[in-house]
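Quick look at protein-v6.cif (mmCIF, C-alpha atoms; chains and numbers go by the auth columns):
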data_final
loop_
_atom_site.group_PDB
_atom_site.id
_atom_site.type_symbol
_atom_site.label_atom_id
_atom_site.label_comp_id
_atom_site.label_asym_id
_atom_site.label_seq_id
_atom_site.Cartn_x
_atom_site.Cartn_y
_atom_site.Cartn_z
_atom_site.B_iso_or_equiv
_atom_site.auth_seq_id
_atom_site.auth_asym_id
ATOM 1 C CA MET A 1 -3.116 -46.314 -34.817 0.00 7 A
ATOM 2 C CA LEU A 2 -2.329 -44.441 -31.607 0.00 8 A
ATOM 3 C CA ARG A 3 -5.952 -43.283 -31.364 0.00 9 A
ATOM 4 C CA CYS A 4 -7.053 -46.961 -31.179 0.00 10 A
ATOM 5 C CA LEU A 5 -4.637 -47.757 -28.367 0.00 11 A
ATOM 6 C CA PRO A 6 -6.938 -46.523 -25.531 0.00 12 A
ATOM 7 C CA LEU A 7 -9.662 -48.821 -26.867 0.00 13 A
ATOM 8 C CA LEU A 8 -7.394 -51.835 -27.297 0.00 14 A
ATOM 9 C CA LEU A 9 -5.678 -51.705 -23.888 0.00 15 A
ATOM 10 C CA PRO A 10 -8.786 -52.572 -21.795 0.00 16 A
ATOM 11 C CA LEU A 11 -9.645 -55.399 -24.205 0.00 17 A
ATOM 12 C CA LEU A 12 -6.109 -56.753 -24.045 0.00 18 A
ATOM 13 C CA ALA A 13 -6.092 -56.555 -20.236 0.00 19 A
ATOM 14 C CA LEU A 14 -9.404 -58.409 -20.078 0.00 20 A
ATOM 15 C CA LEU A 15 -8.170 -61.174 -22.369 0.00 21 A
ATOM 16 C CA LEU A 16 -4.839 -61.592 -20.600 0.00 22 A
ATOM 17 C CA GLY A 17 -6.361 -61.223 -17.130 0.00 23 A
ATOM 18 C CA GLY A 18 -8.930 -63.930 -17.845 0.00 24 A
ATOM 19 C CA CYS A 19 -6.205 -66.348 -18.851 0.00 25 A
ATOM 20 C CA ALA A 20 -4.058 -65.633 -15.801 0.00 26 A
ATOM 21 C CA GLN A 21 -6.632 -66.580 -13.143 0.00 27 A
ATOM 22 C CA PRO A 22 -7.214 -70.323 -12.762 0.00 28 A
ATOM 23 C CA SER A 23 -10.364 -71.742 -11.228 0.00 29 A
ATOM 24 C CA TYR A 24 -11.718 -75.128 -10.240 0.00 30 A
ATOM 25 C CA VAL A 25 -14.747 -76.166 -12.275 0.00 31 A
ATOM 26 C CA TYR A 26 -16.279 -79.572 -11.652 0.00 32 A
ATOM 27 C CA HIS A 27 -16.410 -81.881 -14.681 0.00 33 A
ATOM 28 C CA TYR A 28 -17.632 -85.460 -14.490 0.00 34 A
ATOM 29 C CA VAL A 29 -15.479 -87.914 -16.444 0.00 35 A
ATOM 30 C CA PRO A 30 -16.834 -91.511 -16.398 0.00 36 A
ATOM 31 C CA GLY A 31 -14.371 -93.926 -14.803 0.00 37 A
ATOM 32 C CA LYS A 32 -12.111 -91.147 -13.573 0.00 38 A
ATOM 33 C CA THR A 33 -14.247 -88.902 -11.359 0.00 39 A
ATOM 34 C CA SER A 34 -15.065 -89.774 -7.766 0.00 40 A
ATOM 35 C CA ASP A 35 -18.672 -89.925 -6.700 0.00 41 A
ATOM 36 C CA LEU A 36 -19.836 -87.891 -3.713 0.00 42 A
ATOM 37 C CA ARG A 37 -22.262 -89.415 -1.205 0.00 43 A
ATOM 38 C CA ASP A 38 -23.211 -87.874 2.133 0.00 44 A
ATOM 39 C CA GLY A 39 -20.041 -85.792 2.203 0.00 45 A
ATOM 40 C CA TYR A 40 -17.675 -88.683 1.425 0.00 46 A
ATOM 41 C CA ALA A 41 -15.809 -89.343 -1.801 0.00 47 A
ATOM 42 C CA ILE A 42 -16.161 -92.734 -3.483 0.00 48 A
ATOM 43 C CA ALA A 43 -13.055 -93.499 -5.535 0.00 49 A
ATOM 44 C CA PRO A 44 -13.394 -94.650 -9.125 0.00 50 A
ATOM 45 C CA PRO A 45 -12.827 -98.444 -9.199 0.00 51 A
ATOM 46 C CA ARG A 46 -9.763 -98.226 -11.445 0.00 52 A
ATOM 47 C CA ALA A 47 -8.048 -95.329 -9.666 0.00 53 A
ATOM 48 C CA PRO A 48 -4.382 -95.875 -8.762 0.00 54 A
ATOM 49 C CA ALA A 49 -3.640 -97.054 -5.220 0.00 55 A
ATOM 50 C CA ASP A 50 -2.162 -93.647 -4.279 0.00 56 A
ATOM 51 C CA VAL A 51 -5.412 -91.955 -5.312 0.00 57 A
ATOM 52 C CA MET A 52 -7.497 -94.461 -3.355 0.00 58 A
ATOM 53 C CA ALA A 53 -5.301 -93.806 -0.303 0.00 59 A
ATOM 54 C CA ALA A 54 -5.694 -90.031 -0.752 0.00 60 A
ATOM 55 C CA ILE A 55 -9.478 -90.335 -0.948 0.00 61 A
ATOM 56 C CA ALA A 56 -9.619 -92.605 2.108 0.00 62 A
ATOM 57 C CA ALA A 57 -7.506 -90.084 4.056 0.00 63 A
ATOM 58 C CA GLY A 58 -9.727 -87.191 2.985 0.00 64 A
ATOM 59 C CA ASN A 59 -12.774 -89.171 4.091 0.00 65 A
ATOM 60 C CA ARG A 60 -11.215 -89.730 7.546 0.00 66 A
ATOM 61 C CA ILE A 61 -10.954 -85.986 8.196 0.00 67 A
ATOM 62 C CA ALA A 62 -13.920 -84.714 6.141 0.00 68 A
ATOM 63 C CA GLY A 63 -16.313 -82.796 8.353 0.00 69 A
ATOM 64 C CA LEU A 64 -13.793 -81.924 11.062 0.00 70 A
ATOM 65 C CA PRO A 65 -13.632 -78.268 12.098 0.00 71 A
ATOM 66 C CA TYR A 66 -11.233 -75.641 10.821 0.00 72 A
ATOM 67 C CA ILE A 67 -8.589 -74.258 13.190 0.00 73 A
ATOM 68 C CA TYR A 68 -5.717 -72.175 11.865 0.00 74 A
ATOM 69 C CA GLY A 69 -2.450 -74.043 12.394 0.00 75 A
ATOM 70 C CA ALA A 70 -4.132 -77.383 13.140 0.00 76 A
ATOM 71 C CA GLY A 71 -3.479 -80.743 11.550 0.00 77 A
ATOM 72 C CA HIS A 72 0.240 -80.429 10.949 0.00 78 A
ATOM 73 C CA GLY A 73 1.333 -83.346 13.133 0.00 79 A
ATOM 74 C CA PRO A 74 2.002 -86.890 11.932 0.00 80 A
ATOM 75 C CA GLU A 75 -1.183 -88.322 13.484 0.00 81 A
ATOM 76 C CA ILE A 76 -4.845 -87.599 12.834 0.00 82 A
ATOM 77 C CA ASP A 77 -5.933 -84.391 14.566 0.00 83 A
ATOM 78 C CA THR A 78 -9.253 -83.030 15.847 0.00 84 A
ATOM 79 C CA ALA A 79 -9.233 -80.062 13.427 0.00 85 A
ATOM 80 C CA TYR A 80 -7.373 -78.919 10.296 0.00 86 A
ATOM 81 C CA ASP A 81 -6.394 -75.805 8.437 0.00 87 A
ATOM 82 C CA CYS A 82 -6.003 -75.837 4.658 0.00 88 A
ATOM 83 C CA SER A 83 -2.358 -76.884 4.485 0.00 89 A
ATOM 84 C CA GLY A 84 -2.763 -79.375 7.330 0.00 90 A
ATOM 85 C CA ALA A 85 -5.633 -81.061 5.455 0.00 91 A
ATOM 86 C CA ALA A 86 -3.758 -81.103 2.123 0.00 92 A
ATOM 87 C CA SER A 87 -0.628 -82.413 3.854 0.00 93 A
ATOM 88 C CA TYR A 88 -2.573 -85.157 5.631 0.00 94 A
ATOM 89 C CA VAL A 89 -4.092 -86.400 2.373 0.00 95 A
ATOM 90 C CA LEU A 90 -0.810 -86.320 0.451 0.00 96 A
ATOM 91 C CA ARG A 91 1.121 -87.990 3.297 0.00 97 A
ATOM 92 C CA ALA A 92 -1.454 -90.808 3.397 0.00 98 A
ATOM 93 C CA ALA A 93 -1.015 -91.227 -0.357 0.00 99 A
ATOM 94 C CA GLY A 94 2.749 -91.577 0.142 0.00 100 A
ATOM 95 C CA ARG A 95 3.430 -88.326 -1.720 0.00 101 A
ATOM 96 C CA LEU A 96 4.662 -86.084 1.111 0.00 102 A
ATOM 97 C CA ASP A 97 7.034 -86.791 4.001 0.00 103 A
ATOM 98 C CA GLU A 98 5.836 -84.099 6.403 0.00 104 A
ATOM 99 C CA ALA A 99 3.254 -81.357 6.621 0.00 105 A
ATOM 100 C CA THR A 100 4.000 -78.186 4.743 0.00 106 A
ATOM 101 C CA THR A 101 2.537 -74.696 4.288 0.00 107 A
ATOM 102 C CA SER A 102 0.249 -73.341 1.599 0.00 108 A
ATOM 103 C CA SER A 103 3.094 -71.190 0.238 0.00 109 A
ATOM 104 C CA ALA A 104 5.460 -74.167 0.082 0.00 110 A
ATOM 105 C CA PHE A 105 2.866 -76.116 -1.941 0.00 111 A
ATOM 106 C CA ARG A 106 3.448 -73.523 -4.693 0.00 112 A
ATOM 107 C CA HIS A 107 6.713 -75.364 -5.414 0.00 113 A
ATOM 108 C CA TYR A 108 5.604 -78.933 -4.675 0.00 114 A
ATOM 109 C CA GLY A 109 5.742 -81.688 -7.291 0.00 115 A
ATOM 110 C CA GLU A 110 5.366 -80.790 -10.936 0.00 116 A
ATOM 111 C CA SER A 111 3.758 -77.824 -12.661 0.00 117 A
ATOM 112 C CA GLY A 112 0.218 -77.968 -14.035 0.00 118 A
ATOM 113 C CA GLU A 113 -2.846 -80.113 -13.485 0.00 119 A
ATOM 114 C CA GLY A 114 -2.321 -83.760 -12.689 0.00 120 A
ATOM 115 C CA LYS A 115 -4.126 -86.744 -14.174 0.00 121 A
ATOM 116 C CA TRP A 116 -5.560 -87.676 -10.763 0.00 122 A
ATOM 117 C CA ILE A 117 -4.471 -85.108 -8.161 0.00 123 A
ATOM 118 C CA SER A 118 -4.009 -81.350 -8.556 0.00 124 A
ATOM 119 C CA ILE A 119 -2.888 -78.892 -5.897 0.00 125 A
ATOM 120 C CA TYR A 120 -4.095 -75.293 -6.128 0.00 126 A
ATOM 121 C CA ALA A 121 -1.763 -73.195 -3.970 0.00 127 A
ATOM 122 C CA ARG A 122 -1.253 -69.529 -3.257 0.00 128 A
ATOM 123 C CA HIS A 123 0.184 -67.584 -0.355 0.00 129 A
ATOM 124 C CA GLY A 124 -2.349 -68.188 2.425 0.00 130 A
ATOM 125 C CA HIS A 125 -4.454 -71.027 0.973 0.00 131 A
ATOM 126 C CA VAL A 126 -4.229 -74.432 -0.658 0.00 132 A
ATOM 127 C CA PHE A 127 -6.800 -76.973 -1.792 0.00 133 A
ATOM 128 C CA LEU A 128 -6.724 -80.276 -3.639 0.00 134 A
ATOM 129 C CA VAL A 129 -8.658 -81.799 -6.495 0.00 135 A
ATOM 130 C CA VAL A 130 -8.574 -85.597 -6.218 0.00 136 A
ATOM 131 C CA ALA A 131 -10.192 -87.665 -8.968 0.00 137 A
ATOM 132 C CA GLY A 132 -12.260 -84.640 -9.971 0.00 138 A
ATOM 133 C CA LEU A 133 -13.596 -83.652 -6.533 0.00 139 A
ATOM 134 C CA ARG A 134 -12.379 -80.597 -4.663 0.00 140 A
ATOM 135 C CA PHE A 135 -11.092 -81.155 -1.123 0.00 141 A
ATOM 136 C CA ASP A 136 -11.023 -77.762 0.573 0.00 142 A
ATOM 137 C CA THR A 137 -11.483 -76.008 3.906 0.00 143 A
ATOM 138 C CA GLY A 138 -13.392 -73.101 2.388 0.00 144 A
ATOM 139 C CA TRP A 139 -15.819 -72.277 -0.414 0.00 145 A
ATOM 140 C CA THR A 140 -17.922 -75.308 0.476 0.00 146 A
ATOM 141 C CA HIS A 141 -21.663 -75.558 1.062 0.00 147 A
ATOM 142 C CA GLY A 142 -22.868 -74.239 4.401 0.00 148 A
ATOM 143 C CA GLU A 143 -21.272 -71.911 6.883 0.00 149 A
ATOM 144 C CA SER A 144 -19.017 -74.417 8.634 0.00 150 A
ATOM 145 C CA LYS A 145 -15.389 -74.441 7.608 0.00 151 A
ATOM 146 C CA GLY A 146 -13.033 -77.359 7.658 0.00 152 A
ATOM 147 C CA PRO A 147 -12.001 -80.107 5.272 0.00 153 A
ATOM 148 C CA ARG A 148 -14.837 -81.079 2.922 0.00 154 A
ATOM 149 C CA TRP A 149 -15.353 -82.783 -0.436 0.00 155 A
ATOM 150 C CA THR A 150 -17.405 -80.775 -2.907 0.00 156 A
ATOM 151 C CA ARG A 151 -18.346 -80.445 -6.566 0.00 157 A
ATOM 152 C CA GLN A 152 -18.881 -76.710 -6.105 0.00 158 A
ATOM 153 C CA SER A 153 -16.744 -74.597 -8.443 0.00 159 A
ATOM 154 C CA ARG A 154 -14.553 -71.872 -6.988 0.00 160 A
ATOM 155 C CA PRO A 155 -12.154 -69.199 -8.172 0.00 161 A
ATOM 156 C CA ALA A 156 -8.483 -69.857 -7.645 0.00 162 A
ATOM 157 C CA ASP A 157 -7.109 -66.341 -7.967 0.00 163 A
ATOM 158 C CA GLN A 158 -3.317 -66.162 -7.632 0.00 164 A
ATOM 159 C CA CYS A 159 -3.043 -69.950 -7.354 0.00 165 A
ATOM 160 C CA VAL A 160 -0.448 -72.008 -9.092 0.00 166 A
ATOM 161 C CA ILE A 161 -1.480 -75.517 -10.036 0.00 167 A
ATOM 162 C CA ARG A 162 0.874 -78.370 -9.178 0.00 168 A
ATOM 163 C CA HIS A 163 0.595 -82.153 -9.019 0.00 169 A
ATOM 164 C CA PRO A 164 2.443 -85.122 -7.536 0.00 170 A
ATOM 165 C CA GLN A 165 4.830 -86.717 -10.005 0.00 171 A
ATOM 166 C CA GLY A 166 3.051 -89.398 -12.029 0.00 172 A
ATOM 167 C CA LEU A 167 -0.437 -88.487 -10.803 0.00 173 A
#
Would you mind giving the structure from this file in structure tokens?
Amino acid sequence: MLRCLPLLLPLLALLLGGCAQPSYVYHYVPGKTSDLRDGYAIAPPRAPADVMAAIAAGNRIAGLPYIYGAGHGPEIDTAYDCSGAASYVLRAAGRLDEATTSSAFRHYGESGEGKWISIYARHGHVFLVVAGLRFDTGWTHGESKGPRWTRQSRPADQCVIRHPQGL
């Protein structure tokens, strides 16, 4: 039995390690997934009002540049970082009172994926998935950084997944 242990440990680490690292993978679900046209999200017709408001807010800032520390005020800004963009969208949806940091999003709302909105947060980065589309300041098509909607999958190493209550 002990002779098998060196062979089993790498396999066990691989299995457990694969389960511990979440990722965003795009999946289309009819009636629930937003469409993406020219960089803007189109909300599903029967999405809740909070989700429609989140998508409209994301569309307002989609394409703006990335600047570390930007977008944390109560009004629309000229640039956003990851937590500023996530905060702006969630404030517009009525789900956040003031901007917060990527690390603080690790404790926001409820644990796990939401039905409509999920927050992927780790120390140093946060992104949203709203009605199936990822809203992120990185890992998007092209070299420019800043808030963007995308279907592109991405790893979410060290992220916890949270969601607003009821969504």
* Which residue gives the smallest distance to Arg112 (chain A) among A:Ala68, A:Ala60, A:Leu173, A:Val132, with all atoms listed in the file counted? ->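 Of the candidates, the smallest distance to Arg112 (chain A) is held by A:Val132.
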* Counting all atoms listed in the file, figure out which residue out of A:Lys151, A:Arg157, A:Arg128, A:Lys38 gets nearest to Val57 (chain A). =>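 Among the listed residues, the smallest separation from Val57 (chain A) belongs to A:Lys38.
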* Point-to-point distance from CA of Gly64 (chain A) to CA of Tyr86 (chain A), Å rounded to tenths ->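 The value is 11.3 Å.
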* Asked: Of the candidates A:Asn65, A:Ala99, A:Ser159, A:Gly118, which shows the shortest atom-to-atom distance to Asp44 (chain A), using all atoms listed in the file?
  ->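 Residue with the minimum atom-to-atom distance to Asp44 (chain A): A:Asn65.
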Counting all atoms listed in the file, give me one row per residue of region 108-167 of chain A with an atom at most 12 Å from an atom of region 73-76 of chain A, showing the shortest contact pair and its distance in Å to one decimal, sorted by chain then residue number, as a Markdown table.
| residue | atom | partner | partner_atom | distance |
| --- | --- | --- | --- | --- |
| A:Ser108 | CA | A:Gly75 | CA | 11.1 |
| A:Gly130 | CA | A:Tyr74 | CA | 10.8 |
| A:His131 | CA | A:Tyr74 | CA | 11.0 |
| A:Thr143 | CA | A:Ile73 | CA | 9.9 |
| A:Gly144 | CA | A:Ile73 | CA | 11.9 |
| A:Ser150 | CA | A:Ile73 | CA | 11.4 |
| A:Lys151 | CA | A:Ile73 | CA | 8.8 |
| A:Gly152 | CA | A:Ile73 | CA | 7.7 |
| A:Pro153 | CA | A:Ile73 | CA | 10.4 |
* To do: Take the PyMOL selection byres ((chain A and resi 89) around 8), apply it to the structure above, and return the hits as a list of chain:residue names.
  =>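 So the PyMOL selection byres ((chain A and resi 89) around 8), applied here, picks out A:His78, A:Tyr86, A:Asp87, A:Cys88, A:Gly90, A:Ala91, A:Ala92, A:Ser93, A:Ala105, A:Thr106, A:Thr107, A:Ser108, A:His131, A:Val132, A:Phe133.
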* Work out how far CA of Ala55 (chain A) is from CA of Tyr72 (chain A), in Å to one decimal. =>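 About the pair CA of Tyr72 (chain A) and CA of Ala55 (chain A): they are 27.8 Å apart.
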* Which residues fall under the PyMOL selection byres ((chain A and resi 123-127) around 7) in this file, as a list in words? -> Ser108, Ser109, Phe111, Arg112, Glu119, Gly120, Lys121, Trp122, Arg128, His129, His131, Val132, Phe133, Leu134, Val135, Val136, Ala137, Cys165, Val166, Ile167, Arg168, His169, Pro170 and Leu173 of chain A
I'd like the contact shell of Ala62 (chain A) - 10 Å cut-off, only C-alpha atoms, skipping same-chain residues fewer than 3 positions apart - returned as an mmCIF file with C-alpha atoms, keeping the file's coordinate frame.
data_model
loop_
_atom_site.group_PDB
_atom_site.id
_atom_site.type_symbol
_atom_site.label_atom_id
_atom_site.label_comp_id
_atom_site.auth_asym_id
_atom_site.auth_seq_id
_atom_site.Cartn_x
_atom_site.Cartn_y
_atom_site.Cartn_z
ATOM 1 C CA TYR A 46 -17.675 -88.683 1.425
ATOM 2 C CA ALA A 47 -15.809 -89.343 -1.801
ATOM 3 C CA ILE A 48 -16.161 -92.734 -3.483
ATOM 4 C CA ALA A 49 -13.055 -93.499 -5.535
ATOM 5 C CA ASP A 56 -2.162 -93.647 -4.279
ATOM 6 C CA VAL A 57 -5.412 -91.955 -5.312
ATOM 7 C CA MET A 58 -7.497 -94.461 -3.355
ATOM 8 C CA ALA A 59 -5.301 -93.806 -0.303
ATOM 9 C CA ASN A 65 -12.774 -89.171 4.091
ATOM 10 C CA ARG A 66 -11.215 -89.730 7.546
ATOM 11 C CA ILE A 67 -10.954 -85.986 8.196
ATOM 12 C CA ALA A 68 -13.920 -84.714 6.141
ATOM 13 C CA VAL A 95 -4.092 -86.400 2.373
ATOM 14 C CA ALA A 98 -1.454 -90.808 3.397
ATOM 15 C CA ALA A 99 -1.015 -91.227 -0.357
#
Taking the partial coordinates given, rebuild region 142-161 of chain A to contain N, CA and C atoms; return it as a CSV table (one decimal), in the frame of the given file.
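Written out: out.csv:
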chain,number,residue,atom,x,y,z
A,142,ASP,N,-11.3,-79.1,0.2
A,142,ASP,CA,-11.0,-77.8,0.6
A,142,ASP,C,-11.6,-77.5,2.0
A,143,THR,N,-11.0,-76.5,2.6
A,143,THR,CA,-11.5,-76.0,3.9
A,143,THR,C,-12.4,-74.8,3.8
A,144,GLY,N,-12.6,-74.3,2.6
A,144,GLY,CA,-13.4,-73.1,2.4
A,144,GLY,C,-14.1,-73.2,1.1
A,145,TRP,N,-15.0,-72.3,0.8
A,145,TRP,CA,-15.8,-72.3,-0.4
A,145,TRP,C,-16.6,-73.6,-0.6
A,146,THR,N,-17.1,-74.1,0.5
A,146,THR,CA,-17.9,-75.3,0.5
A,146,THR,C,-19.3,-75.0,0.9
A,147,HIS,N,-20.3,-75.8,0.7
A,147,HIS,CA,-21.7,-75.6,1.1
A,147,HIS,C,-21.8,-75.4,2.6
A,148,GLY,N,-22.6,-74.5,3.0
A,148,GLY,CA,-22.9,-74.2,4.4
A,148,GLY,C,-21.9,-73.2,5.0
A,149,GLU,N,-22.1,-72.9,6.2
A,149,GLU,CA,-21.3,-71.9,6.9
A,149,GLU,C,-20.1,-72.5,7.6
A,150,SER,N,-20.1,-73.8,7.9
A,150,SER,CA,-19.0,-74.4,8.6
A,150,SER,C,-17.8,-74.5,7.7
A,151,LYS,N,-16.6,-74.3,8.3
A,151,LYS,CA,-15.4,-74.4,7.6
A,151,LYS,C,-14.6,-75.6,8.1
A,152,GLY,N,-13.8,-76.2,7.3
A,152,GLY,CA,-13.0,-77.4,7.7
A,152,GLY,C,-13.0,-78.2,6.4
A,153,PRO,N,-12.2,-79.3,6.5
A,153,PRO,CA,-12.0,-80.1,5.3
A,153,PRO,C,-13.3,-80.7,4.8
A,154,ARG,N,-13.6,-80.6,3.5
A,154,ARG,CA,-14.8,-81.1,2.9
A,154,ARG,C,-14.6,-81.5,1.5
A,155,TRP,N,-15.3,-82.5,1.0
A,155,TRP,CA,-15.4,-82.8,-0.4
A,155,TRP,C,-16.5,-82.0,-1.0
A,156,THR,N,-16.3,-81.5,-2.2
A,156,THR,CA,-17.4,-80.8,-2.9
A,156,THR,C,-17.2,-80.8,-4.4
A,157,ARG,N,-18.3,-80.6,-5.1
A,157,ARG,CA,-18.3,-80.4,-6.6
A,157,ARG,C,-18.5,-79.0,-6.9
A,158,GLN,N,-18.7,-78.1,-5.9
A,158,GLN,CA,-18.9,-76.7,-6.1
A,158,GLN,C,-17.6,-76.1,-6.7
A,159,SER,N,-17.8,-75.3,-7.8
A,159,SER,CA,-16.7,-74.6,-8.4
A,159,SER,C,-16.3,-73.5,-7.5
A,160,ARG,N,-15.1,-73.0,-7.8
A,160,ARG,CA,-14.6,-71.9,-7.0
A,160,ARG,C,-13.4,-71.2,-7.8
A,161,PRO,N,-13.3,-69.9,-7.6
A,161,PRO,CA,-12.2,-69.2,-8.2
A,161,PRO,C,-10.9,-69.6,-7.5
